[in-house]
$ cat entry-v7.cif   # mmCIF, C-alpha atoms
data_work
loop_
_atom_site.label_atom_id
_atom_site.label_comp_id
_atom_site.auth_asym_id
_atom_site.auth_seq_id
_atom_site.Cartn_x
_atom_site.Cartn_y
_atom_site.Cartn_z
CA MET A 15 108.37 81.32 104.53
CA SER A 16 109.58 84.22 106.69
CA GLU A 17 107.85 87.58 106.86
CA GLU A 18 110.91 89.18 105.25
CA ALA A 19 110.54 87.02 102.11
CA GLN A 20 107.18 88.46 101.29
CA LEU A 21 106.12 90.86 98.57
CA LYS A 22 103.48 93.17 100.05
CA ILE A 23 101.16 95.09 97.77
CA HIS A 24 98.76 97.72 99.08
CA MET A 25 95.93 98.57 96.70
CA MET A 26 93.37 99.99 99.13
CA GLY A 27 93.87 103.76 99.11
CA LYS A 28 97.42 104.71 98.20
CA ILE A 29 99.29 102.21 96.01
CA SER A 30 102.52 100.89 97.49
CA ALA A 31 104.71 97.81 97.16
CA GLU A 32 107.61 96.53 99.21
CA TYR A 33 109.88 93.52 99.48
CA ASN A 34 111.91 92.77 102.60
CA GLY A 35 110.87 96.15 104.02
CA LYS A 36 112.27 97.98 100.99
CA SER A 37 109.90 99.98 98.80
CA LEU A 38 109.60 99.07 95.16
CA PRO A 39 109.83 101.94 92.63
CA VAL A 40 106.09 102.63 92.31
CA GLY A 41 105.72 105.89 90.44
CA THR A 42 109.15 105.77 88.79
CA ALA A 43 110.22 102.51 87.10
CA LEU A 44 106.82 101.04 88.00
CA SER A 45 104.43 103.53 86.44
CA GLY A 46 101.85 103.84 83.70
CA ARG A 47 100.88 100.59 81.97
CA VAL A 48 103.83 98.71 83.47
CA LEU A 49 102.43 99.44 86.93
CA GLN A 50 98.93 98.46 85.82
CA LEU A 51 100.22 95.11 84.47
CA PHE A 52 102.12 94.54 87.72
CA LEU A 53 99.00 95.19 89.81
CA ILE A 54 96.75 93.03 87.64
CA LEU A 55 99.11 90.05 87.80
CA LEU A 56 99.43 90.35 91.58
CA TYR A 57 95.71 90.87 92.19
CA TYR A 58 94.96 87.72 90.16
CA HIS A 59 98.09 85.85 91.27
CA ASP A 60 96.12 82.86 92.63
CA SER A 61 94.09 82.12 89.50
CA GLY A 62 96.02 83.88 86.77
CA ILE A 63 94.34 85.83 83.99
CA SER A 64 93.72 84.94 80.37
CA ARG A 65 95.43 86.76 77.55
CA GLU A 66 92.09 88.01 76.18
CA GLU A 67 91.03 89.46 79.53
CA LEU A 68 94.41 91.08 80.02
CA LEU A 69 94.34 92.65 76.56
CA ASP A 70 90.84 93.99 77.26
CA MET A 71 91.94 95.44 80.60
CA MET A 72 95.07 97.04 79.19
CA TYR A 73 93.99 98.06 75.69
CA GLY A 74 90.22 97.75 75.56
CA SER A 75 89.82 101.35 74.39
CA GLY A 76 91.21 100.43 70.95
CA GLU A 77 93.90 103.14 70.98
CA TYR A 78 96.70 100.73 70.04
CA ALA A 79 97.12 99.27 66.54
CA ASN A 80 99.01 96.22 67.85
CA PRO A 81 97.89 95.54 71.43
CA ALA A 82 99.34 92.01 71.48
CA GLY A 83 102.79 93.33 70.59
CA SER A 84 102.46 96.13 73.16
CA LEU A 85 101.55 93.56 75.83
CA ARG A 86 104.63 91.45 75.04
CA ALA A 87 106.80 94.54 75.32
CA LEU A 88 105.21 95.44 78.69
CA VAL A 89 105.79 91.93 80.06
CA PHE A 90 109.43 92.14 78.97
CA ARG A 91 109.89 95.51 80.71
CA LEU A 92 108.21 94.28 83.89
CA ARG A 93 110.44 91.20 83.99
CA ARG A 94 113.53 93.40 83.72
CA ILE A 95 112.33 95.61 86.59
CA MET A 96 111.56 92.57 88.77
CA GLU A 97 115.06 91.21 88.14
CA GLU A 98 116.41 94.35 89.81
CA CYS A 99 113.97 94.34 92.74
CA LEU A 100 113.39 90.66 93.58
CA PRO A 101 115.50 87.51 93.93
CA ALA A 102 116.59 85.83 90.71
CA GLY A 103 114.08 83.50 89.13
CA GLU A 104 110.96 83.43 87.00
CA HIS A 105 108.22 85.69 88.33
CA ILE A 106 105.82 85.92 85.37
CA GLN A 107 104.67 82.82 83.53
CA THR A 108 102.67 82.62 80.31
CA GLU A 109 101.25 79.18 79.62
CA GLY A 110 98.18 78.06 77.68
CA GLY A 111 97.12 81.65 77.06
CA VAL A 112 97.13 82.44 80.80
CA TYR A 113 99.41 84.99 82.48
CA ARG A 114 100.32 84.19 86.05
CA TRP A 115 102.60 85.44 88.82
CA VAL A 116 104.54 82.31 89.80
CA SER A 117 107.56 83.41 91.84
CA LYS A 118 108.60 80.44 93.98
CA SER A 119 111.10 82.40 96.05
CA VAL A 120 108.73 85.16 97.15
CA SER A 121 105.30 84.89 98.74
CA VAL A 122 102.69 87.50 97.85
CA TYR A 123 100.38 89.49 100.11
CA VAL A 124 97.72 91.73 98.54
CA ASP A 125 95.66 93.79 100.98
CA ALA A 126 92.67 93.98 98.60
CA ARG A 127 92.42 90.18 98.40
CA ASP A 128 92.84 89.95 102.16
CA PHE A 129 90.10 92.53 102.68
CA GLN A 130 87.64 90.78 100.38
CA ALA A 131 88.23 87.35 101.92
CA THR A 132 88.02 88.70 105.48
CA ALA A 133 84.89 90.74 104.77
CA GLU A 134 83.06 87.84 103.13
CA LYS A 135 84.00 85.50 105.98
CA GLY A 136 82.95 88.04 108.61
CA LEU A 137 79.62 88.73 106.93
CA GLU A 138 78.85 85.07 106.45
CA LYS A 139 79.35 84.25 110.12
CA GLU A 140 78.48 87.70 111.55
CA ASN A 141 81.87 87.49 113.26
CA GLU A 142 82.70 90.78 114.97
CA GLU A 143 86.46 90.13 115.03
CA GLU A 144 86.59 89.44 111.29
CA LEU A 145 84.38 92.44 110.54
CA LEU A 146 86.64 94.68 112.62
CA ARG A 147 89.69 93.42 110.76
CA ALA A 148 88.02 93.96 107.39
CA CYS A 149 87.15 97.57 108.25
CA GLY A 150 90.73 98.11 109.38
CA LEU A 151 92.07 96.79 106.07
CA TYR A 152 89.90 99.18 104.07
CA GLN A 153 92.17 102.23 103.92
CA GLY A 154 90.55 103.81 100.89
CA GLU A 155 89.05 102.92 97.54
CA PHE A 156 90.64 100.17 95.47
CA LEU A 157 93.42 101.59 93.25
CA ALA A 158 92.04 105.11 93.50
CA GLN A 159 94.83 106.42 91.23
CA LEU A 160 93.57 104.17 88.43
CA ALA A 161 89.89 104.92 88.93
CA GLY A 162 89.29 105.50 85.21
CA GLU A 163 90.08 101.89 84.31
CA LYS A 164 87.02 99.69 83.79
CA TRP A 165 88.36 96.65 85.68
CA VAL A 166 89.40 98.88 88.59
CA THR A 167 85.91 100.39 88.78
CA ILE A 168 84.29 96.95 88.92
CA VAL A 169 86.52 95.77 91.77
CA SER A 170 86.27 99.14 93.55
CA VAL A 171 82.47 99.03 93.60
CA ARG A 172 82.55 95.47 94.94
CA CYS A 173 84.99 96.45 97.71
CA GLN A 174 82.98 99.52 98.66
CA GLU A 175 79.79 97.47 98.93
CA LEU A 176 81.56 94.93 101.15
CA TYR A 177 82.95 97.70 103.34
CA PHE A 178 79.56 99.29 103.95
CA ARG A 179 77.97 95.91 104.65
CA CYS A 180 80.69 95.23 107.23
CA LEU A 181 80.23 98.69 108.72
CA ARG A 182 76.47 98.28 109.06
CA SER A 183 76.80 94.83 110.59
CA LEU A 184 79.43 96.07 113.05
CA SER A 185 77.31 99.09 113.95
CA ARG A 186 74.34 96.87 114.73
CA GLN A 187 76.33 94.37 116.80
CA MET A 188 78.41 96.90 118.71
CA GLN A 189 75.41 99.04 119.58
CA GLU A 190 73.66 95.95 120.94
CA ASN A 191 76.77 95.21 123.03
CA ARG A 192 77.07 98.89 124.06
CA GLU A 193 80.60 99.13 122.62
CA TYR A 194 80.06 102.74 121.70
CA GLN A 195 83.60 104.09 122.01
CA SER A 196 85.10 101.32 119.87
CA LEU A 197 82.35 101.80 117.31
CA LEU A 198 82.94 105.56 117.33
CA ASN A 199 86.61 105.01 116.41
CA ILE A 200 85.58 102.84 113.45
CA VAL A 201 82.89 105.27 112.33
CA ASN A 202 85.32 108.21 112.55
CA ASN A 203 87.52 106.43 110.02
CA ALA A 204 84.49 105.78 107.83
CA CYS A 205 83.56 109.47 107.95
CA GLN A 206 87.07 110.38 106.79
CA LEU A 207 86.75 108.06 103.79
CA TYR A 208 83.08 108.74 103.01
CA PRO A 209 81.55 111.84 104.63
CA TYR A 210 78.12 110.55 103.61
CA GLU A 211 74.96 111.05 105.65
CA GLU A 212 74.85 107.35 106.55
CA CYS A 213 78.29 107.44 108.20
CA GLN A 214 77.55 110.74 109.95
CA ILE A 215 74.29 109.34 111.34
CA MET A 216 76.22 106.35 112.73
CA LYS A 217 78.58 108.83 114.39
CA MET A 218 75.72 110.86 115.84
CA ASP A 219 74.06 107.69 117.15
CA CYS A 220 77.28 106.75 118.98
CA LEU A 221 77.64 110.20 120.50
CA ILE A 222 73.98 110.31 121.50
CA ALA A 223 74.26 106.87 123.13
CA MET A 224 77.30 108.14 125.06
CA LYS A 225 75.28 111.25 126.06
CA ARG A 226 77.72 113.52 124.22
CA PHE A 227 74.86 115.54 122.80
CA ARG A 228 76.72 118.76 122.08
CA GLU A 229 79.32 116.91 119.99
CA ALA A 230 76.52 115.15 118.13
CA MET A 231 74.90 118.52 117.46
CA GLN A 232 78.15 119.78 115.95
CA VAL A 233 78.18 116.80 113.59
CA TYR A 234 74.57 117.52 112.63
CA LYS A 235 75.31 121.17 111.87
CA TRP A 236 78.33 120.23 109.76
CA VAL A 237 76.37 117.69 107.72
CA VAL A 238 73.44 120.06 107.12
CA ARG A 239 75.82 122.80 106.02
CA GLN A 240 77.72 120.48 103.65
CA TYR A 241 74.57 119.05 102.07
CA PHE A 242 73.05 122.49 101.71
CA GLU A 243 76.12 124.19 100.24
CA GLU A 244 77.28 121.37 97.97
CA GLN A 245 74.06 119.64 96.93
CA GLY A 246 71.30 122.06 97.81
CA LEU A 247 69.50 119.42 99.88
CA PRO A 248 67.53 120.06 103.08
CA PRO A 249 68.15 117.72 106.06
CA SER A 250 66.52 114.31 105.69
CA GLU A 251 63.90 113.01 108.09
CA LYS A 252 66.52 110.72 109.66
CA MET A 253 68.73 113.73 110.35
CA LEU A 254 65.79 115.66 111.78
CA GLU A 255 65.01 112.75 114.11
CA ARG A 256 68.54 112.96 115.53
CA PHE A 257 68.24 116.74 115.78
CA ARG A 258 65.09 116.46 117.88
CA THR A 259 66.67 113.81 120.12
CA MET A 260 69.75 115.95 120.70
CA SER A 261 67.77 119.12 121.27
CA SER A 262 65.58 117.45 123.88
CA GLN A 263 68.59 116.14 125.79
CA ILE A 264 70.83 119.21 125.88
CA ARG A 265 70.42 120.79 129.30
CA TYR A 266 71.47 124.15 130.67
CA THR A 267 73.61 124.40 133.82
CA THR A 268 72.18 125.87 137.03
CA ASP A 269 73.85 129.21 136.40
CA MET A 270 72.50 129.36 132.90
CA LEU A 271 68.98 128.58 134.09
CA LYS A 272 68.97 131.87 136.00
CA ASP A 273 69.18 133.65 132.67
CA VAL A 274 66.61 131.61 130.76
CA ARG A 275 64.47 134.63 129.98
CA GLU A 276 67.45 136.53 128.59
CA SER A 277 68.64 133.54 126.60
CA LEU A 278 65.25 133.23 124.91
CA LYS A 279 65.34 136.80 123.64
CA GLU A 280 66.74 137.65 120.23
CA ARG A 281 70.35 138.70 120.63
CA ASP A 282 70.14 141.46 118.05
CA ALA A 283 67.38 143.99 117.59
CA VAL A 284 66.01 143.21 114.16
CA ASN A 285 63.23 145.23 112.56
CA GLY A 286 62.77 142.87 109.64
CA PRO A 287 61.38 139.30 109.53
CA TYR A 288 62.65 136.42 111.64
CA TYR A 289 65.11 134.11 109.90
CA CYS A 290 65.64 130.60 111.29
CA SER A 291 67.05 127.23 110.28
CA TYR A 292 64.84 124.78 108.39
CA PRO A 293 64.26 122.46 111.42
CA SER A 294 63.21 125.48 113.50
CA PHE A 295 60.92 126.62 110.68
CA ILE A 296 59.20 123.21 110.70
CA ASP A 297 58.55 123.45 114.44
CA SER A 298 57.30 127.03 114.15
CA TYR A 299 54.95 126.15 111.29
CA ARG A 300 53.50 123.19 113.18
CA LEU A 301 53.02 125.28 116.31
CA LEU A 302 51.19 127.99 114.39
CA ASN A 303 48.94 125.37 112.83
CA ARG A 304 47.97 124.24 116.33
CA LEU A 305 47.43 127.80 117.53
CA SER A 306 45.17 128.55 114.58
CA GLU A 307 42.71 126.00 115.95
CA ARG A 308 42.19 128.23 119.00
CA ILE A 309 42.98 131.70 117.66
CA SER A 310 41.67 132.93 114.33
CA PHE A 311 44.38 134.49 112.18
CA GLU A 312 45.48 134.29 108.58
CA LYS A 313 48.80 132.79 107.57
CA VAL A 314 50.24 132.05 104.16
CA LEU A 315 53.13 129.73 103.29
CA ILE A 316 54.85 130.59 100.06
CA CYS A 317 57.97 129.36 98.30
CA ILE A 318 60.07 131.89 96.44
CA PHE A 319 62.70 130.50 94.11
CA PHE A 320 64.86 131.30 91.12
CA VAL A 321 65.96 129.57 87.93
CA ASP A 322 68.37 130.56 85.18
CA ILE A 323 67.30 132.66 82.21
CA ARG A 324 66.31 129.48 80.33
CA GLY A 325 63.98 128.47 83.12
CA LYS A 326 66.21 125.61 84.35
CA ALA A 327 67.63 124.97 87.82
CA LEU A 328 71.19 126.13 88.39
CA ASP A 329 73.82 123.42 88.83
CA ASP A 330 74.91 122.62 92.39
CA GLY A 331 78.24 124.19 93.25
CA ASN A 332 77.75 126.89 90.62
CA ASP A 333 79.22 130.23 91.76
CA LEU A 334 76.14 132.02 90.42
CA LEU A 335 73.91 129.76 92.56
CA LYS A 336 75.80 130.65 95.75
CA GLU A 337 75.79 134.38 95.06
CA ALA A 338 72.16 134.42 93.93
CA SER A 339 71.12 132.55 97.09
CA SER A 340 72.93 135.06 99.29
CA GLN A 341 71.41 138.01 97.44
CA LEU A 342 67.90 136.53 97.57
CA ARG A 343 68.18 136.08 101.33
CA LYS A 344 69.10 139.77 101.69
CA ALA A 345 66.22 140.82 99.43
CA VAL A 346 63.71 138.75 101.38
CA GLY A 347 65.09 140.07 104.66
CA ILE A 348 64.38 143.71 103.77
CA SER A 349 61.02 143.05 102.07
CA LEU A 350 59.02 141.37 104.86
CA ARG A 351 57.52 142.54 108.13
CA LYS A 352 58.80 141.83 111.60
CA GLY A 353 56.05 139.29 112.24
CA ASP A 354 56.95 137.18 109.20
CA LEU A 355 59.15 134.11 109.24
CA PHE A 356 61.46 132.73 106.55
CA THR A 357 64.10 130.07 106.01
CA CYS A 358 66.36 128.66 103.31
CA TYR A 359 65.00 125.33 102.07
CA SER A 360 67.71 124.93 99.42
CA PRO A 361 70.18 127.37 97.81
CA SER A 362 67.58 128.34 95.21
CA GLN A 363 64.43 128.10 97.37
CA TYR A 364 63.24 130.10 100.38
CA LEU A 365 60.12 129.38 102.40
CA ILE A 366 58.19 132.34 103.80
CA LEU A 367 55.42 132.24 106.40
CA LEU A 368 53.35 135.41 106.25
CA SER A 369 50.89 136.49 108.90
CA GLY A 370 47.67 138.22 107.88
CA ALA A 371 48.29 138.26 104.12
CA ASP A 372 45.93 137.62 101.22
CA GLN A 373 46.63 136.77 97.57
CA GLU A 374 47.09 140.41 96.60
CA GLU A 375 49.49 141.00 99.46
CA CYS A 376 51.53 137.96 98.36
CA GLN A 377 51.89 139.49 94.91
CA ASN A 378 52.96 142.84 96.41
CA ILE A 379 55.55 141.14 98.60
CA PHE A 380 56.94 139.23 95.64
CA GLN A 381 57.27 142.47 93.69
CA ARG A 382 59.11 144.11 96.62
CA ILE A 383 61.52 141.18 96.83
CA GLU A 384 62.08 141.30 93.06
CA GLN A 385 62.67 145.04 93.20
CA ASN A 386 65.15 144.75 96.07
CA LEU A 387 66.97 141.94 94.27
CA ARG A 388 67.69 144.34 91.41
CA CYS A 389 70.29 146.04 93.61
CA TRP A 390 72.46 143.03 92.77
CA GLU A 391 74.39 143.68 89.57
CA ASP A 392 73.86 140.15 88.21
CA TRP A 393 70.10 139.99 88.82
CA ARG A 394 69.40 139.71 85.07
CA ARG A 395 71.09 136.29 85.01
CA ILE A 396 68.22 134.67 86.94
CA ARG A 397 64.43 134.57 86.91
CA LEU A 398 62.53 134.92 90.19
CA LYS A 399 59.27 133.07 90.80
CA TYR A 400 56.96 132.22 93.68
CA GLU A 401 54.23 129.75 94.55
CA VAL A 402 51.64 129.77 97.34
CA LEU A 403 51.90 126.41 99.12
CA SER A 404 49.11 126.87 101.65
CA GLN A 405 46.75 129.59 102.84
CA VAL A 406 44.61 129.45 105.95
#

$ encode --input "entry-v7.cif" --output "structure tokens"
Amino acid sequence: MSEEAQLKIHMMGKISAEYNGKSLPVGTALSGRVLQLFLILLYYHDSGISREELLDMMYGSGEYANPAGSLRALVFRLRRIMEECLPAGEHIQTEGGVYRWVSKSVSVYVDARDFQATAEKGLEKENEEELLRACGLYQGEFLAQLAGEKWVTIVSVRCQELYFRCLRSLSRQMQENREYQSLLNIVNNACQLYPYEECQIMKMDCLIAMKRFREAMQVYKWVVRQYFEEQGLPPSEKMLERFRTMSSQIRYTTDMLKDVRESLKERDAVNGPYYCSYPSFIDSYRLLNRLSERISFEKVLICIFFVDIRGKALDDGNDLLKEASSQLRKAVGISLRKGDLFTCYSPSQYLILLSGADQEECQNIFQRIEQNLRCWEDWRRIRLKYEVLSQV
């Protein structure tokens, strides 16, 4: 049968349908439960679907008093729409309690079925070509517009698992074959669909392998910022490993080397404590631990944090959490000495490294921070606490 005599249905990402290059009325005549019935029949067009399963998919919530009658009415409406869009003939067959798409004049292509078959074949044989094609077919989650439907969720989870398995297999094979640029293109698409840490790490690994360290560092900074702001999570050990690799490989130019001393100095004259990123705080803490073996000095690591007035952690993304975190950073910044070091571990937690402080001094510092925090008008909505993590 010719390409023009084919009904093409796209279910991965945005839903669309076309016949002979002409779009079908998805969103207008084909909408609501009529659209859902249309998609179910086409997704299961090879095997058909039993009446009981179809009723459960369409009316499983129990909202309809007569689901069987509603289903008959939907089938009638869908047949009428298909008469206007497709060549004359029977397109929907009901026989032996099974509903089936049976159009003899039109072949059917469903991208979701193609993706699943291609992915399973590629994974079984570890075939790079099939895996590449599968990743290309995955243009988004299965029927994302119908994500609340139980049957859609089941298929969507299955497709997502297949996609990530294909992506991991491809990443392993293409890195072994040093096909970094091609892999980067695939991973960029994955990052658009799922900006998860796993995809971003794949992207960083490609850029690092291609010696594009500064670009990889930009990806790292973006991920850390997103995870911190949206989920309140510090960078994982895997992310820190990439950070150290990138940092060790970034090199200054000859002209910049002349100004190394200047570049190492703090850009702004700050009288208060030194604030740094969490990875830098880790390195500083470990260095001071080593120095303490040769030079005797006291240092105290404390965690200062806040909870809501009920003593519970604030929800991620909460506006109060963001504002409280910003205000706490300011309060810490004006309460410590110049020789102290602090960082943000999560939106509600700050780590402070004090030099030459005892238990009483820790209590005094906490009280200063608490007092300075009271300049914020909403300070009564949180409770501030602290805990000494280590003292040497």

$ residues_around --input "entry-v7.cif" --residues "Asp219 (chain A)" --least-positions-apart "2" --cutoff "10 Å" --atoms "all atoms listed in the file" --output "list of chain:residue names"
A:Ser185, A:Gln189, A:Tyr194, A:Leu198, A:Cys213, A:Gln214, A:Ile215, A:Met216, A:Lys217, A:Leu221, A:Ile222, A:Ala223, A:Met224, A:Lys225, A:Arg226, A:Phe227, A:Ala230, A:Arg256, A:Met260

$ write_last_selection --input "entry-v7.cif" --atoms "C-alpha atoms" --output "short mmCIF file (atom, residue, chain, number, x, y, z; two decimals), keeping the file's coordinate frame"
data_model
loop_
_atom_site.label_atom_id
_atom_site.label_comp_id
_atom_site.auth_asym_id
_atom_site.auth_seq_id
_atom_site.Cartn_x
_atom_site.Cartn_y
_atom_site.Cartn_z
CA SER A 185 77.31 99.09 113.95
CA GLN A 189 75.41 99.04 119.58
CA TYR A 194 80.06 102.74 121.70
CA LEU A 198 82.94 105.56 117.33
CA CYS A 213 78.29 107.44 108.20
CA GLN A 214 77.55 110.74 109.95
CA ILE A 215 74.29 109.34 111.34
CA MET A 216 76.22 106.35 112.73
CA LYS A 217 78.58 108.83 114.39
CA LEU A 221 77.64 110.20 120.50
CA ILE A 222 73.98 110.31 121.50
CA ALA A 223 74.26 106.87 123.13
CA MET A 224 77.30 108.14 125.06
CA LYS A 225 75.28 111.25 126.06
CA ARG A 226 77.72 113.52 124.22
CA PHE A 227 74.86 115.54 122.80
CA ALA A 230 76.52 115.15 118.13
CA ARG A 256 68.54 112.96 115.53
CA MET A 260 69.75 115.95 120.70
#

$ resolve_selection --input "entry-v7.cif" --expression "the PyMOL selection byres ((chain A and resi 49) around 12)" --output "PyMOL selection string"
chain A and resi 23+25+29-31+38-48+50-56+72+88-89+91-93+95-96+157+159-160

$ residues_around --input "entry-v7.cif" --residues "Arg228 (chain A)" --least-positions-apart "5" --cutoff "12 Å" --atoms "all atoms listed in the file" --output "PyMOL selection string"
chain A and resi 218+221-222+233-235+256-257+259-266

$ atom_distance --input "entry-v7.cif" --atom1 "CA of Gly62 (chain A)" --atom2 "CA of Glu144 (chain A)"
26.9 Å

$ resolve_selection --input "entry-v7.cif" --expression "the PyMOL selection byres ((chain A and resi 328-339) around 12)" --output "JSON, numbers by chain"
{"A": [240, 241, 242, 243, 244, 245, 246, 247, 318, 319, 320, 321, 322, 323, 324, 325, 326, 327, 340, 341, 342, 343, 344, 345, 346, 357, 358, 359, 360, 361, 362, 363, 364, 387, 388, 389, 390, 391, 392, 393, 394, 395, 396, 397, 398]}

$ write_last_selection --input "entry-v7.cif" --atoms "C-alpha atoms" --output "mmCIF file, in the coordinates of the input"
data_model
loop_
_atom_site.group_PDB
_atom_site.id
_atom_site.type_symbol
_atom_site.label_atom_id
_atom_site.label_comp_id
_atom_site.auth_asym_id
_atom_site.auth_seq_id
_atom_site.Cartn_x
_atom_site.Cartn_y
_atom_site.Cartn_z
ATOM 1 C CA GLN A 240 77.720 120.480 103.650
ATOM 2 C CA TYR A 241 74.570 119.050 102.070
ATOM 3 C CA PHE A 242 73.050 122.490 101.710
ATOM 4 C CA GLU A 243 76.120 124.190 100.240
ATOM 5 C CA GLU A 244 77.280 121.370 97.970
ATOM 6 C CA GLN A 245 74.060 119.640 96.930
ATOM 7 C CA GLY A 246 71.300 122.060 97.810
ATOM 8 C CA LEU A 247 69.500 119.420 99.880
ATOM 9 C CA ILE A 318 60.070 131.890 96.440
ATOM 10 C CA PHE A 319 62.700 130.500 94.110
ATOM 11 C CA PHE A 320 64.860 131.300 91.120
ATOM 12 C CA VAL A 321 65.960 129.570 87.930
ATOM 13 C CA ASP A 322 68.370 130.560 85.180
ATOM 14 C CA ILE A 323 67.300 132.660 82.210
ATOM 15 C CA ARG A 324 66.310 129.480 80.330
ATOM 16 C CA GLY A 325 63.980 128.470 83.120
ATOM 17 C CA LYS A 326 66.210 125.610 84.350
ATOM 18 C CA ALA A 327 67.630 124.970 87.820
ATOM 19 C CA SER A 340 72.930 135.060 99.290
ATOM 20 C CA GLN A 341 71.410 138.010 97.440
ATOM 21 C CA LEU A 342 67.900 136.530 97.570
ATOM 22 C CA ARG A 343 68.180 136.080 101.330
ATOM 23 C CA LYS A 344 69.100 139.770 101.690
ATOM 24 C CA ALA A 345 66.220 140.820 99.430
ATOM 25 C CA VAL A 346 63.710 138.750 101.380
ATOM 26 C CA THR A 357 64.100 130.070 106.010
ATOM 27 C CA CYS A 358 66.360 128.660 103.310
ATOM 28 C CA TYR A 359 65.000 125.330 102.070
ATOM 29 C CA SER A 360 67.710 124.930 99.420
ATOM 30 C CA PRO A 361 70.180 127.370 97.810
ATOM 31 C CA SER A 362 67.580 128.340 95.210
ATOM 32 C CA GLN A 363 64.430 128.100 97.370
ATOM 33 C CA TYR A 364 63.240 130.100 100.380
ATOM 34 C CA LEU A 387 66.970 141.940 94.270
ATOM 35 C CA ARG A 388 67.690 144.340 91.410
ATOM 36 C CA CYS A 389 70.290 146.040 93.610
ATOM 37 C CA TRP A 390 72.460 143.030 92.770
ATOM 38 C CA GLU A 391 74.390 143.680 89.570
ATOM 39 C CA ASP A 392 73.860 140.150 88.210
ATOM 40 C CA TRP A 393 70.100 139.990 88.820
ATOM 41 C CA ARG A 394 69.400 139.710 85.070
ATOM 42 C CA ARG A 395 71.090 136.290 85.010
ATOM 43 C CA ILE A 396 68.220 134.670 86.940
ATOM 44 C CA ARG A 397 64.430 134.570 86.910
ATOM 45 C CA LEU A 398 62.530 134.920 90.190
#

$ closest_residue --input "entry-v7.cif" --among "A:Arg127, A:Glu251, A:His59, A:Glu374" --to "Ile106 (chain A)" --atoms "all atoms listed in the file"
A:His59

$ resolve_selection --input "entry-v7.cif" --expression "the PyMOL selection byres ((chain A and resi 290-301) around 8)" --output "ChimeraX atom specification"
/A:248,254,288-289,302-305,355-359,367

$ residues_around --input "entry-v7.cif" --residues "Leu100 (chain A)" --least-positions-apart "3" --cutoff "10 Å" --atoms "all atoms listed in the file" --output "PDB file with C-alpha atoms, in the coordinates of the input"
ATOM      1  CA  ALA A  19     110.540  87.020 102.110  1.00  0.00           C
ATOM      2  CA  LEU A  21     106.120  90.860  98.570  1.00  0.00           C
ATOM      3  CA  GLU A  32     107.610  96.530  99.210  1.00  0.00           C
ATOM      4  CA  TYR A  33     109.880  93.520  99.480  1.00  0.00           C
ATOM      5  CA  ASN A  34     111.910  92.770 102.600  1.00  0.00           C
ATOM      6  CA  LEU A  38     109.600  99.070  95.160  1.00  0.00           C
ATOM      7  CA  ILE A  95     112.330  95.610  86.590  1.00  0.00           C
ATOM      8  CA  MET A  96     111.560  92.570  88.770  1.00  0.00           C
ATOM      9  CA  GLU A  97     115.060  91.210  88.140  1.00  0.00           C
ATOM     10  CA  GLY A 103     114.080  83.500  89.130  1.00  0.00           C
ATOM     11  CA  HIS A 105     108.220  85.690  88.330  1.00  0.00           C
ATOM     12  CA  SER A 117     107.560  83.410  91.840  1.00  0.00           C
ATOM     13  CA  SER A 119     111.100  82.400  96.050  1.00  0.00           C
ATOM     14  CA  VAL A 120     108.730  85.160  97.150  1.00  0.00           C
TER      15      VAL A 120
END

$ atom_distance --input "entry-v7.cif" --atom1 "CA of Ala133 (chain A)" --atom2 "CA of Ser121 (chain A)"
22.1 Å

$ closest_residue --input "entry-v7.cif" --among "A:Ser250, A:Asn386, A:Thr108, A:Ser37" --to "Ile63 (chain A)" --atoms "only C-alpha atoms"
A:Thr108

$ residues_near_point --input "entry-v7.cif" --point "(84.5, 94.0, 111.5)" --cutoff "8 Å" --atoms "all atoms listed in the file" --output "list in words"
Ala133, Gly136, Asn141, Glu142, Glu143, Glu144, Leu145, Leu146, Arg147, Ala148, Cys149, Gly150, Cys180, Leu181, Ser183 and Leu184 of chain A

$ atom_distance --input "entry-v7.cif" --atom1 "CA of Ile316 (chain A)" --atom2 "CA of Glu255 (chain A)"
24.9 Å

$ closest_residue --input "entry-v7.cif" --among "A:Ala102, A:Cys376, A:Met71, A:Ile366" --to "Ile168 (chain A)" --atoms "only C-alpha atoms"
A:Met71
